[in-house]
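The file target_3.csv comes next; it holds CSV, C-alpha atoms and all ligand atoms.
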```csv
chain,number,residue,atom,x,y,z
C,1,MET,CA,-10.3,-23.2,-10.3
C,2,ILE,CA,-7.9,-22.6,-13.2
C,3,ALA,CA,-5.0,-21.0,-11.3
C,4,ALA,CA,-4.2,-18.9,-8.2
C,5,ALA,CA,-1.3,-16.9,-6.9
C,6,SER,CA,-0.7,-15.0,-3.7
C,7,ALA,CA,1.8,-12.1,-3.2
C,8,SER,CA,2.7,-9.8,-0.3
C,9,ALA,CA,4.1,-6.3,-0.1
C,10,PRO,CA,5.2,-4.1,2.8
C,11,GLY,CA,3.9,-0.8,4.1
C,12,LYS,CA,6.2,2.1,4.8
C,13,VAL,CA,7.1,5.0,7.0
C,14,ASN,CA,9.0,7.9,5.5
C,15,LEU,CA,12.2,8.6,7.5
C,16,VAL,CA,12.6,11.7,5.4
C,17,LEU,CA,9.9,13.5,3.5
C,18,GLN,CA,10.9,16.8,1.9
C,19,VAL,CA,8.1,18.3,-0.2
C,20,GLY,CA,8.6,20.8,-3.1
C,21,GLN,CA,6.1,23.0,-5.0
C,22,PRO,CA,3.1,21.4,-6.8
C,23,ASP,CA,3.5,21.2,-10.6
C,24,HIS,CA,0.8,21.5,-13.3
C,25,SER,CA,-0.6,18.1,-12.3
C,26,GLY,CA,-1.0,19.2,-8.6
C,27,TYR,CA,1.5,16.6,-7.6
C,28,HIS,CA,4.6,17.6,-5.7
C,29,GLN,CA,8.3,16.9,-6.2
C,30,LEU,CA,9.6,14.9,-3.2
C,31,PHE,CA,12.8,13.8,-1.7
C,32,SER,CA,11.9,10.7,0.4
C,33,VAL,CA,13.6,8.0,2.3
C,34,PHE,CA,11.1,5.1,2.6
C,35,ASP,CA,11.6,2.5,5.3
C,36,SER,CA,9.5,-0.6,4.5
C,37,VAL,CA,7.8,-2.1,7.6
C,38,ALA,CA,7.2,-5.8,8.3
C,39,ARG,CA,3.4,-5.3,8.2
C,40,ARG,CA,2.6,-6.6,4.8
C,41,GLU,CA,-0.6,-6.7,2.7
C,42,ALA,CA,-1.4,-10.1,1.1
C,43,VAL,CA,-3.3,-10.3,-2.2
C,44,THR,CA,-4.5,-13.7,-3.6
C,45,ILE,CA,-5.9,-13.8,-7.1
C,46,THR,CA,-7.9,-16.8,-8.2
C,47,LEU,CA,-8.9,-17.4,-11.8
C,48,SER,CA,-11.9,-19.6,-12.4
C,49,ALA,CA,-14.4,-20.5,-15.2
C,50,PRO,CA,-17.3,-18.0,-15.1
C,51,ALA,CA,-20.0,-18.9,-12.7
C,52,ARG,CA,-22.4,-21.6,-14.0
C,53,SER,CA,-26.1,-21.9,-13.4
C,54,GLY,CA,-26.4,-25.6,-14.3
C,55,ASN,CA,-27.3,-28.2,-11.5
C,56,ASP,CA,-24.6,-30.2,-9.8
C,57,HIS,CA,-25.9,-33.6,-11.1
C,58,ALA,CA,-25.7,-32.7,-14.7
C,59,THR,CA,-23.9,-35.1,-16.9
C,60,ALA,CA,-20.4,-34.3,-18.1
C,61,GLN,CA,-21.9,-33.8,-21.5
C,62,ALA,CA,-24.5,-31.3,-20.2
C,63,GLN,CA,-21.8,-29.5,-18.3
C,64,THR,CA,-19.8,-29.1,-21.4
C,65,ALA,CA,-22.8,-27.7,-23.2
C,66,ALA,CA,-23.5,-25.4,-20.2
C,67,ALA,CA,-19.9,-24.3,-20.3
C,68,GLN,CA,-20.1,-23.6,-23.9
C,69,ALA,CA,-23.3,-21.6,-23.5
C,70,GLN,CA,-21.7,-19.8,-20.6
C,71,ALA,CA,-18.7,-18.9,-22.7
C,72,ALA,CA,-20.8,-17.6,-25.5
C,73,GLN,CA,-22.8,-15.5,-23.0
C,74,ALA,CA,-19.6,-14.2,-21.5
C,75,GLN,CA,-18.4,-13.3,-25.0
C,76,ALA,CA,-21.6,-11.4,-25.6
C,77,GLN,CA,-21.3,-9.6,-22.2
C,78,ALA,CA,-17.7,-8.7,-23.0
C,79,VAL,CA,-19.1,-6.7,-25.9
C,80,SER,CA,-22.2,-5.3,-24.4
C,81,GLY,CA,-22.0,-5.7,-20.6
C,82,ARG,CA,-20.0,-4.1,-17.8
C,83,PRO,CA,-16.3,-4.2,-18.2
C,84,TRP,CA,-14.7,-7.3,-16.7
C,85,TRP,CA,-12.8,-5.4,-14.0
C,86,GLU,CA,-16.1,-4.2,-12.5
C,87,GLU,CA,-17.1,-7.8,-12.0
C,88,VAL,CA,-14.0,-8.8,-10.1
C,89,GLU,CA,-15.0,-10.1,-6.7
C,90,VAL,CA,-13.0,-8.7,-3.8
C,91,THR,CA,-13.1,-10.0,-0.3
C,92,THR,CA,-11.1,-8.3,2.5
C,93,THR,CA,-9.9,-9.6,5.8
C,94,VAL,CA,-8.7,-6.9,8.2
C,95,GLN,CA,-6.1,-7.7,10.8
C,96,ILE,CA,-5.2,-4.3,12.3
C,97,ASP,CA,-7.2,-3.6,15.5
C,98,PRO,CA,-9.4,-6.4,16.8
C,99,ALA,CA,-11.7,-3.7,18.3
C,100,THR,CA,-12.7,-2.4,14.8
C,101,ASP,CA,-11.6,-5.0,12.3
C,102,LYS,CA,-15.0,-6.6,11.7
C,103,GLU,CA,-16.6,-3.2,11.3
C,104,THR,CA,-13.9,-2.1,8.8
C,105,GLU,CA,-14.4,-5.3,6.8
C,106,GLN,CA,-18.1,-4.5,6.5
C,107,GLU,CA,-17.4,-1.0,5.3
C,108,LEU,CA,-14.9,-2.3,2.7
C,109,ALA,CA,-17.4,-4.8,1.4
C,110,HIS,CA,-19.3,-1.8,-0.1
C,111,LEU,CA,-16.3,-0.4,-2.0
C,112,ASP,CA,-16.5,-0.2,-5.8
C,113,PRO,CA,-14.2,-2.9,-7.1
C,114,ALA,CA,-13.3,-0.7,-10.1
C,115,GLN,CA,-11.7,1.9,-7.7
C,116,HIS,CA,-9.8,-0.7,-5.7
C,117,LEU,CA,-6.1,-0.4,-6.3
C,118,ALA,CA,-5.6,-4.1,-6.3
C,119,VAL,CA,-8.2,-4.6,-9.0
C,120,ARG,CA,-6.6,-1.7,-11.0
C,121,ALA,CA,-3.3,-3.4,-10.7
C,122,LEU,CA,-4.8,-6.6,-12.1
C,123,LYS,CA,-6.3,-4.6,-14.9
C,124,GLU,CA,-2.9,-2.9,-15.7
C,125,VAL,CA,-1.1,-6.3,-15.9
C,126,ALA,CA,-3.9,-7.8,-18.0
C,127,GLN,CA,-3.9,-4.9,-20.4
C,128,ASN,CA,-0.1,-4.8,-20.7
C,129,SER,CA,0.6,-8.4,-21.4
C,130,GLY,CA,-0.4,-10.5,-24.4
C,131,SER,CA,-0.6,-13.7,-22.4
C,132,GLU,CA,-3.4,-16.1,-23.2
C,133,ARG,CA,-4.8,-15.8,-19.7
C,134,SER,CA,-4.8,-12.0,-19.9
C,135,GLN,CA,-6.8,-12.2,-23.1
C,136,GLN,CA,-9.2,-14.7,-21.6
C,137,LEU,CA,-9.7,-12.5,-18.6
C,138,GLN,CA,-10.4,-9.5,-20.8
C,139,ALA,CA,-12.8,-11.5,-22.9
C,140,LYS,CA,-14.6,-12.7,-19.8
C,141,GLN,CA,-13.8,-16.3,-20.6
C,142,ILE,CA,-12.3,-16.5,-17.2
C,143,HIS,CA,-13.2,-14.8,-14.0
C,144,ALA,CA,-11.0,-13.3,-11.3
C,145,ARG,CA,-11.5,-13.2,-7.6
C,146,LEU,CA,-9.2,-11.2,-5.2
C,147,GLU,CA,-8.7,-11.8,-1.5
C,148,VAL,CA,-6.9,-9.1,0.4
C,149,VAL,CA,-5.6,-9.5,3.9
C,150,LYS,CA,-5.0,-6.0,5.3
C,151,THR,CA,-2.5,-5.5,8.1
C,152,ILE,CA,-1.6,-1.9,7.4
C,153,PRO,CA,-3.7,0.8,8.9
C,154,MET,CA,-6.0,2.5,6.4
C,155,ALA,CA,-5.8,6.3,5.7
C,156,GLY,CA,-2.8,6.1,8.0
C,157,GLY,CA,0.1,7.4,5.9
C,158,MET,CA,1.6,4.0,5.7
C,159,ALA,CA,0.9,3.2,2.0
C,160,GLY,CA,-1.6,0.4,2.7
C,161,GLY,CA,-3.4,0.9,-0.6
C,162,SER,CA,-0.1,1.1,-2.5
C,163,ALA,CA,1.0,-2.1,-0.8
C,164,ASP,CA,-2.2,-3.7,-2.1
C,165,ALA,CA,-1.4,-2.5,-5.6
C,166,ALA,CA,2.2,-3.7,-5.3
C,167,ALA,CA,1.2,-7.2,-4.1
C,168,ALA,CA,-1.6,-7.4,-6.7
C,169,LEU,CA,0.9,-6.5,-9.5
C,170,VAL,CA,3.1,-9.4,-8.5
C,171,ALA,CA,0.2,-11.9,-8.0
C,172,ALA,CA,-1.3,-10.9,-11.3
C,173,ASN,CA,2.0,-11.2,-13.1
C,174,ALA,CA,2.2,-14.8,-11.9
C,175,VAL,CA,-1.4,-15.9,-12.2
C,176,LEU,CA,-1.8,-14.4,-15.7
C,177,GLN,CA,1.6,-15.8,-16.8
C,178,ALA,CA,2.3,-12.2,-18.0
C,179,GLU,CA,6.1,-12.4,-17.6
C,180,LEU,CA,6.5,-8.6,-17.1
C,181,ASP,CA,9.9,-7.7,-15.7
C,182,ASP,CA,10.6,-5.6,-12.6
C,183,GLU,CA,11.0,-2.4,-14.6
C,184,GLU,CA,7.7,-2.9,-16.3
C,185,LEU,CA,6.0,-3.6,-12.9
C,186,HIS,CA,7.5,-0.4,-11.5
C,187,ARG,CA,6.2,1.5,-14.6
C,188,LEU,CA,2.7,0.1,-14.1
C,189,GLY,CA,3.0,0.7,-10.3
C,190,ARG,CA,3.7,4.4,-10.8
C,191,ARG,CA,0.4,4.8,-12.7
C,192,LEU,CA,-1.4,3.4,-9.7
C,193,GLY,CA,0.2,5.6,-7.0
C,194,ALA,CA,3.4,7.4,-6.2
C,195,ASP,CA,4.2,5.0,-3.3
C,196,VAL,CA,3.7,1.8,-5.3
C,197,PRO,CA,7.4,1.6,-6.5
C,198,ALA,CA,8.6,1.9,-2.9
C,199,CYS,CA,6.2,-0.9,-1.9
C,200,LEU,CA,7.5,-3.1,-4.7
C,201,ALA,CA,11.1,-2.4,-3.7
C,202,GLY,CA,10.8,-2.9,0.0
C,203,GLU,CA,14.0,-2.4,2.1
C,204,VAL,CA,15.1,1.2,2.6
C,205,THR,CA,14.9,3.3,-0.5
C,206,VAL,CA,15.7,6.9,-1.5
C,207,ALA,CA,13.2,8.3,-3.9
C,208,THR,CA,12.8,11.5,-5.9
C,209,GLY,CA,10.4,12.7,-8.5
C,210,TYR,CA,6.9,12.3,-7.1
C,211,GLY,CA,8.4,9.8,-4.7
C,212,ASP,CA,8.0,7.2,-7.4
C,213,GLN,CA,11.6,7.3,-8.8
C,214,ILE,CA,13.6,4.9,-6.7
C,215,GLN,CA,17.2,6.1,-6.8
C,216,ARG,CA,18.9,3.6,-4.5
C,217,SER,CA,18.3,1.0,-1.9
C,218,TYR,CA,20.1,0.5,1.4
C,219,ARG,CA,20.6,-2.6,3.5
C,220,VAL,CA,19.8,-1.4,7.0
C,221,PRO,CA,19.9,-3.5,10.2
C,222,THR,CA,16.6,-4.6,11.7
C,223,HIS,CA,15.1,-1.9,13.9
C,224,HIS,CA,12.0,-1.8,16.0
C,225,TRP,CA,8.9,0.4,16.0
C,226,VAL,CA,5.7,1.2,17.8
C,227,PHE,CA,3.1,2.6,15.4
C,228,VAL,CA,0.6,4.8,17.2
C,229,LEU,CA,-2.9,4.8,15.5
C,230,ALA,CA,-5.3,7.7,15.8
C,231,HIS,CA,-9.0,7.4,16.1
C,232,GLN,CA,-9.6,9.0,12.7
C,233,GLY,CA,-7.7,8.8,9.4
C,234,LEU,CA,-6.4,11.7,7.3
C,235,SER,CA,-6.9,12.3,3.6
C,236,THR,CA,-3.5,12.6,1.8
C,237,PRO,CA,-4.8,15.0,-0.9
C,238,GLU,CA,-6.3,17.2,1.9
C,239,VAL,CA,-3.0,17.3,3.8
C,240,PHE,CA,-1.2,18.3,0.6
C,241,ARG,CA,-3.8,20.9,-0.2
C,242,HIS,CA,-3.5,22.4,3.3
C,243,PHE,CA,0.3,22.3,2.9
C,244,ASP,CA,0.0,24.3,-0.4
C,245,SER,CA,-2.4,26.8,1.1
C,246,LEU,CA,0.3,27.6,3.7
C,247,GLU,CA,2.9,27.9,0.9
C,248,LEU,CA,5.2,25.5,2.7
C,249,GLY,CA,6.7,23.9,-0.4
C,250,ARG,CA,10.5,23.9,-0.7
C,251,ASN,CA,12.2,25.5,-3.7
C,252,GLU,CA,15.0,23.0,-3.5
C,253,LEU,CA,15.1,19.4,-2.4
C,254,ASP,CA,18.0,17.2,-1.4
C,255,THR,CA,18.8,14.6,-4.0
C,256,GLU,CA,20.8,12.2,-1.7
C,257,LEU,CA,21.5,11.6,1.9
C,258,SER,CA,24.4,13.4,3.5
C,259,PRO,CA,27.4,11.1,4.5
C,260,SER,CA,26.5,11.6,8.2
C,261,LEU,CA,22.8,10.6,7.8
C,262,GLU,CA,23.9,7.7,5.6
C,263,GLN,CA,26.1,6.5,8.4
C,264,ALA,CA,23.3,6.8,10.9
C,265,LEU,CA,21.0,4.9,8.6
C,266,LEU,CA,23.5,2.1,8.0
C,267,GLY,CA,23.9,1.8,11.8
C,268,GLY,CA,20.1,1.5,12.2
C,269,GLN,CA,19.9,4.9,14.0
C,270,VAL,CA,16.8,5.9,12.0
C,271,ALA,CA,15.6,8.6,14.4
C,272,GLN,CA,18.6,10.7,13.4
C,273,LEU,CA,17.1,11.0,9.9
C,274,PHE,CA,13.6,12.1,11.0
C,275,GLN,CA,12.3,15.0,8.9
C,276,ASN,CA,8.7,15.3,7.5
C,277,ASP,CA,7.6,18.5,5.8
C,278,LEU,CA,4.0,17.4,6.1
C,279,GLN,CA,4.2,16.9,9.9
C,280,PRO,CA,3.4,20.6,10.8
C,281,VAL,CA,0.3,20.4,8.7
C,282,ALA,CA,-0.9,16.9,9.9
C,283,ALA,CA,-0.1,17.8,13.5
C,284,LYS,CA,-2.5,20.7,13.5
C,285,ARG,CA,-5.1,18.2,14.5
C,286,ASP,CA,-5.5,18.4,18.3
C,287,ASP,CA,-5.3,14.7,19.0
C,288,LEU,CA,-2.1,14.4,17.1
C,289,LYS,CA,-0.6,17.5,18.7
C,290,GLN,CA,-1.4,16.0,22.1
C,291,THR,CA,0.1,12.6,21.3
C,292,LEU,CA,3.3,14.2,20.0
C,293,GLN,CA,3.5,16.3,23.1
C,294,GLU,CA,3.1,13.3,25.3
C,295,LEU,CA,5.9,11.5,23.4
C,296,SER,CA,8.1,14.5,23.6
C,297,ALA,CA,7.5,14.9,27.3
C,298,ARG,CA,8.9,11.4,27.7
C,299,ALA,CA,11.9,12.3,25.5
C,300,LEU,CA,10.7,9.7,22.9
C,301,PRO,CA,11.7,10.5,19.3
C,302,ALA,CA,8.7,10.2,17.0
C,303,ILE,CA,7.6,11.1,13.4
C,304,ILE,CA,4.3,11.3,11.7
C,305,SER,CA,4.3,8.7,8.9
C,306,GLY,CA,3.9,10.3,5.5
C,307,SER,CA,0.7,12.4,5.5
C,308,GLY,CA,-0.4,10.9,8.8
C,309,PRO,CA,-2.0,10.4,11.1
C,310,THR,CA,-0.1,7.3,12.2
C,311,ILE,CA,2.9,8.2,14.4
C,312,ALA,CA,6.1,6.1,14.3
C,313,VAL,CA,8.1,5.7,17.5
C,314,PRO,CA,11.4,3.8,17.3
C,315,ALA,CA,12.3,1.4,20.1
C,316,ALA,CA,15.6,-0.2,21.2
C,317,ASP,CA,14.4,-3.8,20.9
C,318,ALA,CA,11.2,-5.9,20.7
C,319,GLU,CA,10.8,-6.0,24.5
C,320,ALA,CA,11.0,-2.2,24.8
C,321,ALA,CA,8.6,-1.8,21.8
C,322,HIS,CA,6.0,-4.0,23.5
C,323,ALA,CA,6.3,-2.2,26.8
C,324,LEU,CA,6.0,1.2,25.1
C,325,ALA,CA,3.1,0.0,23.0
C,326,GLN,CA,1.2,-1.2,26.0
C,327,GLU,CA,1.6,2.2,27.8
C,328,ILE,CA,0.8,4.4,24.8
C,329,ARG,CA,-2.4,2.5,23.8
C,330,THR,CA,-4.0,3.7,27.1
C,331,TRP,CA,-3.8,7.3,26.0
C,332,PRO,CA,-7.2,8.8,25.1
C,333,THR,CA,-5.9,10.2,21.8
C,334,VAL,CA,-4.7,6.8,20.7
C,335,ALA,CA,-6.9,4.1,19.1
C,336,ALA,CA,-4.4,1.3,19.0
C,337,THR,CA,-0.7,0.6,18.8
C,338,LEU,CA,1.2,-1.8,16.6
C,339,VAL,CA,4.6,-3.3,17.2
C,340,THR,CA,6.7,-4.2,14.2
C,341,THR,CA,10.1,-4.0,12.6
C,342,SER,CA,11.8,-2.6,9.6
C,343,PRO,CA,13.0,-3.1,7.0
C,344,SER,CA,10.9,-5.7,5.1
C,345,ALA,CA,11.6,-7.7,1.9
C,346,PRO,CA,10.5,-6.4,-1.5
C,347,ALA,CA,7.0,-7.4,-2.8
C,348,ARG,CA,7.2,-11.1,-3.5
C,349,LEU,CA,5.2,-14.1,-4.7
C,350,GLU,CA,4.2,-16.2,-1.7
C,351,TRP,CA,2.7,-19.2,-3.6
C,352,GLU,CA,1.0,-20.2,-6.8
C,353,LYS,CA,-0.9,-23.2,-8.0
U,401,LIG,O1,-0.2,8.8,-5.9
U,401,LIG,P1,-1.2,8.7,-4.8
U,401,LIG,O2,-2.6,8.4,-5.3
U,401,LIG,O3,-0.8,7.7,-3.7
U,401,LIG,O4,-1.2,10.1,-4.1
U,401,LIG,C1,-2.2,10.4,-3.2
U,401,LIG,C2,-2.3,12.0,-3.1
U,401,LIG,O5,-1.2,12.5,-2.6
U,401,LIG,C3,-2.5,12.6,-4.5
U,401,LIG,O6,-3.8,12.7,-4.8
U,401,LIG,C4,-1.9,14.0,-4.2
U,401,LIG,O7,-2.8,14.8,-3.6
U,401,LIG,C5,-0.8,13.7,-3.2
U,401,LIG,N1,0.6,13.6,-3.7
U,401,LIG,C6,1.2,14.7,-4.2
U,401,LIG,N2,2.5,14.6,-4.7
U,401,LIG,C7,3.1,13.5,-4.7
U,401,LIG,C8,2.5,12.3,-4.2
U,401,LIG,C9,1.2,12.4,-3.8
U,401,LIG,O8,0.6,15.8,-4.2
U,401,LIG,N3,4.4,13.4,-5.1
```
What is this structure when it is put down as structure tokens?
Amino acid sequence: MIAAASASAPGKVNLVLQVGQPDHSGYHQLFSVFDSVARREAVTITLSAPARSGNDHATAQAQTAAAQAQAAQAQAQAVSGRPWWEEVEVTTTVQIDPATDKETEQELAHLDPAQHLAVRALKEVAQNSGSERSQQLQAKQIHARLEVVKTIPMAGGMAGGSADAAAALVAANAVLQAELDDEELHRLGRRLGADVPACLAGEVTVATGYGDQIQRSYRVPTHHWVFVLAHQGLSTPEVFRHFDSLELGRNELDTELSPSLEQALLGGQVAQLFQNDLQPVAAKRDDLKQTLQELSARALPAIISGSGPTIAVPAADAEAAHALAQEIRTWPTVAATLVTTSPSAPARLEWEK
């Protein structure tokens, strides 16, 4: 091993999600209040010498020769072979729902690394820094391995993929000795996904633009949540497309929180802010409609997280959250429940060596 670094980044729930009209790119202008949640994705990047084929008992001299041959071969591949990022190894550990974690891990093992947001984050950092390690990685003189620990539901509207990207940006910045500043990491993050800057920023943030322009950050007291997971995910692009087909886009969006909502937020009364323009579209699905009706029948405030299908239910404290989670998880429309708190710290480096 040459070096390793591990970073984490939080998932999110949108307390407010106002959606405007799509522009030429198909993306929508948003006004969003992101609340980071204390379920964090962890990404560890390990750099090592390219795999050798020599036997373990080779002399030091032979190893050196083998290493040289290997380096030469790597150089050649860098010119003619697959791009380096397609050869990045990714392993994923899922810690979301014990009933399905192993199955999900097996499905993830077949994903194309080149499409993985964490690998793309590593690629962005390598290509945008002139550090020696970045150059060596791109020349295939060193090899990268990524380990992702997923705790945020997938296709759930909680920015799990964006949190992978945010954590990978921070880990890559450290392990490649890239020395990119926060502004540059946000710029690269925006290219990877609209929610990545919010995952980098953590805390509670107000965002405009595509949801990628963080306007300000609030310090909000700890508050408790039950996240209600559905049996099936929802595709964010499809929810937005459906939203457009119904012509639901606003012509005007807020640009800041009103003083009364700001007061509620600063007092930790997050349910007073709840507003999600995508909710009527996501909640067309029968199971979600039913879960929301059950919650409403119990006078429990709830909001669909982003494009769904995860539903966020605030709770008074940890005890109330656990009791509620236990009850809700027995409903037939519910796959699992997660208890957590908000807000959570910005994306951060956990360790390096
Ligand atoms: O940026 P990201 O890849 O996370 O976005 C996922 C999808 O959400 C996009 O493909 C797009 O369909 C939709 N989206 C949008 N407008 C935004 C953000 C996301 O239409 N501002």
Residues of chain C at most 9 Å from ligand LIG 401 (chain U): nearest atom pair and distance in Å, only C-alpha atoms and all ligand atoms, as a Markdown table:
```
| residue | atom | partner | partner_atom | distance |
| --- | --- | --- | --- | --- |
| C:Val19 | CA | U:LIG401 | N3 | 7.9 |
| C:Gly20 | CA | U:LIG401 | N3 | 8.7 |
| C:Pro22 | CA | U:LIG401 | O8 | 6.7 |
| C:Asp23 | CA | U:LIG401 | O8 | 8.9 |
| C:Ser25 | CA | U:LIG401 | O8 | 8.5 |
| C:Gly26 | CA | U:LIG401 | O8 | 5.8 |
| C:Tyr27 | CA | U:LIG401 | O8 | 3.6 |
| C:His28 | CA | U:LIG401 | N2 | 3.8 |
| C:Gln29 | CA | U:LIG401 | N3 | 5.4 |
| C:Leu30 | CA | U:LIG401 | N3 | 5.7 |
| C:Ala159 | CA | U:LIG401 | O3 | 7.5 |
| C:Gly161 | CA | U:LIG401 | O3 | 7.9 |
| C:Ser162 | CA | U:LIG401 | O3 | 6.7 |
| C:Arg190 | CA | U:LIG401 | O1 | 7.7 |
| C:Arg191 | CA | U:LIG401 | O1 | 7.9 |
| C:Leu192 | CA | U:LIG401 | O1 | 6.7 |
| C:Gly193 | CA | U:LIG401 | O1 | 3.4 |
| C:Ala194 | CA | U:LIG401 | O1 | 3.9 |
| C:Asp195 | CA | U:LIG401 | O3 | 5.7 |
| C:Val196 | CA | U:LIG401 | O3 | 7.6 |
| C:Thr208 | CA | U:LIG401 | N3 | 8.6 |
| C:Gly209 | CA | U:LIG401 | N3 | 6.9 |
| C:Tyr210 | CA | U:LIG401 | N3 | 3.4 |
| C:Gly211 | CA | U:LIG401 | N3 | 5.4 |
| C:Asp212 | CA | U:LIG401 | N3 | 7.5 |
| C:Ser235 | CA | U:LIG401 | C2 | 8.1 |
| C:Thr236 | CA | U:LIG401 | O5 | 5.0 |
| C:Pro237 | CA | U:LIG401 | O7 | 3.4 |
| C:Glu238 | CA | U:LIG401 | O7 | 6.9 |
| C:Val239 | CA | U:LIG401 | O7 | 7.8 |
| C:Phe240 | CA | U:LIG401 | O7 | 5.7 |
| C:Arg241 | CA | U:LIG401 | O7 | 7.1 |
| C:Ser307 | CA | U:LIG401 | O5 | 8.3 |
```
Extract, using all atoms listed in the file, all DNA, RNA and protein residues at most 9 Å from Glu256 of chain C, discarding same-chain residues fewer than 3 positions from it, and format them as a ChimeraX atom specification.
/C:31,206-207,215
Restricting the calculation to only C-alpha atoms: of C:Leu338, C:Ala7, C:Ala325, C:Ala198, which residue gets closest to Ser32 of chain C?
C:Ala198
Please list as a list in words every residue within 8 Å of Glu105 of chain C, counting all atoms listed in the file and excluding residues in the same chain fewer than 2 positions away.
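That gives Thr92, Thr93, Val94, Asp101, Lys102, Glu103, Glu107, Leu108 and Ala109 of chain C.
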Find the residues near segment 268-282 of chain C: any atom within 6 Å, counting all atoms listed in the file, skip ones fewer than 4 places away on the same chain, and give them as a list in words.
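Counting only the stated atoms, we get Leu15, Val16, Leu17, Gln18, Val220, Pro221, Ala264 and Ile304 of chain C.
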Could you give me, as JSON, numbers by chain, the residues within 9 Å of Leu200 of chain C, counting all atoms listed in the file and dropping anything in the same chain fewer than 4 positions from it?
{"C": [9, 10, 162, 163, 165, 166, 167, 169, 170, 182, 185, 186, 189, 195, 196, 346, 347, 348]}
Would you list the contacts of Arg219 of chain C as a PyMOL selection string, taking every protein, DNA or RNA residue within 9 Å and counting only C-alpha atoms, but skipping same-chain residues closer than 2 positions in sequence?
chain C and resi 203-204+217+221+266+343
Can you measure atom CA of Thr222 of chain C to atom CA of Gly202 of chain C for me? One decimal in Å is fine.
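For atom CA of Thr222 of chain C relative to atom CA of Gly202 of chain C, the distance reads 13.2 Å.
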Pick from C:Gln138, C:Thr291, C:Thr151, C:Thr46 nearest to His231 of chain C, counting all atoms listed in the file
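Nearest to His231 of chain C: C:Thr291.
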Of the residues C:Ile214, C:Ala230, C:Ala38, C:Ala5, which is the one nearest to Thr341 of chain C, using all atoms listed in the file?
C:Ala38
Restricting the calculation to only C-alpha atoms: of C:Phe34, C:Phe243, C:Phe227, C:Trp84, which residue gets closest to Leu265 of chain C?
C:Phe34
From the options C:Thr330, C:Ser296, C:Ser260, C:Thr310, which residue's atoms come nearest to Leu234 of chain C, counting all atoms listed in the file?
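With all atoms listed in the file as the atom set, the closest residue is C:Thr310.
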Suppose you want the space between atom CA of Gln293 of chain C and atom CA of His224 of chain C; what is it in Å?
21.2 Å
Return the single residue from C:Leu229, C:Ala318, C:Ala345, C:Glu252 that is closest to Trp331 of chain C, with distances computed using only C-alpha atoms.
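Selected residue with least distance to Trp331 of chain C: C:Leu229.
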Any idea what the distance is between atom CA of Thr205 of chain C and atom CA of Ser258 of chain C?
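Separation of atom CA of Thr205 of chain C and atom CA of Ser258 of chain C: 14.4 Å.
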Give as an NGL selection string the set of residues within 12 Å of the point (-10.4, -5.3, -15.4), where distances use the file's coordinates and all atoms listed in the file.
:C and (78 or 82-89 or 113-128 or 134-140 or 142-146 or 172)
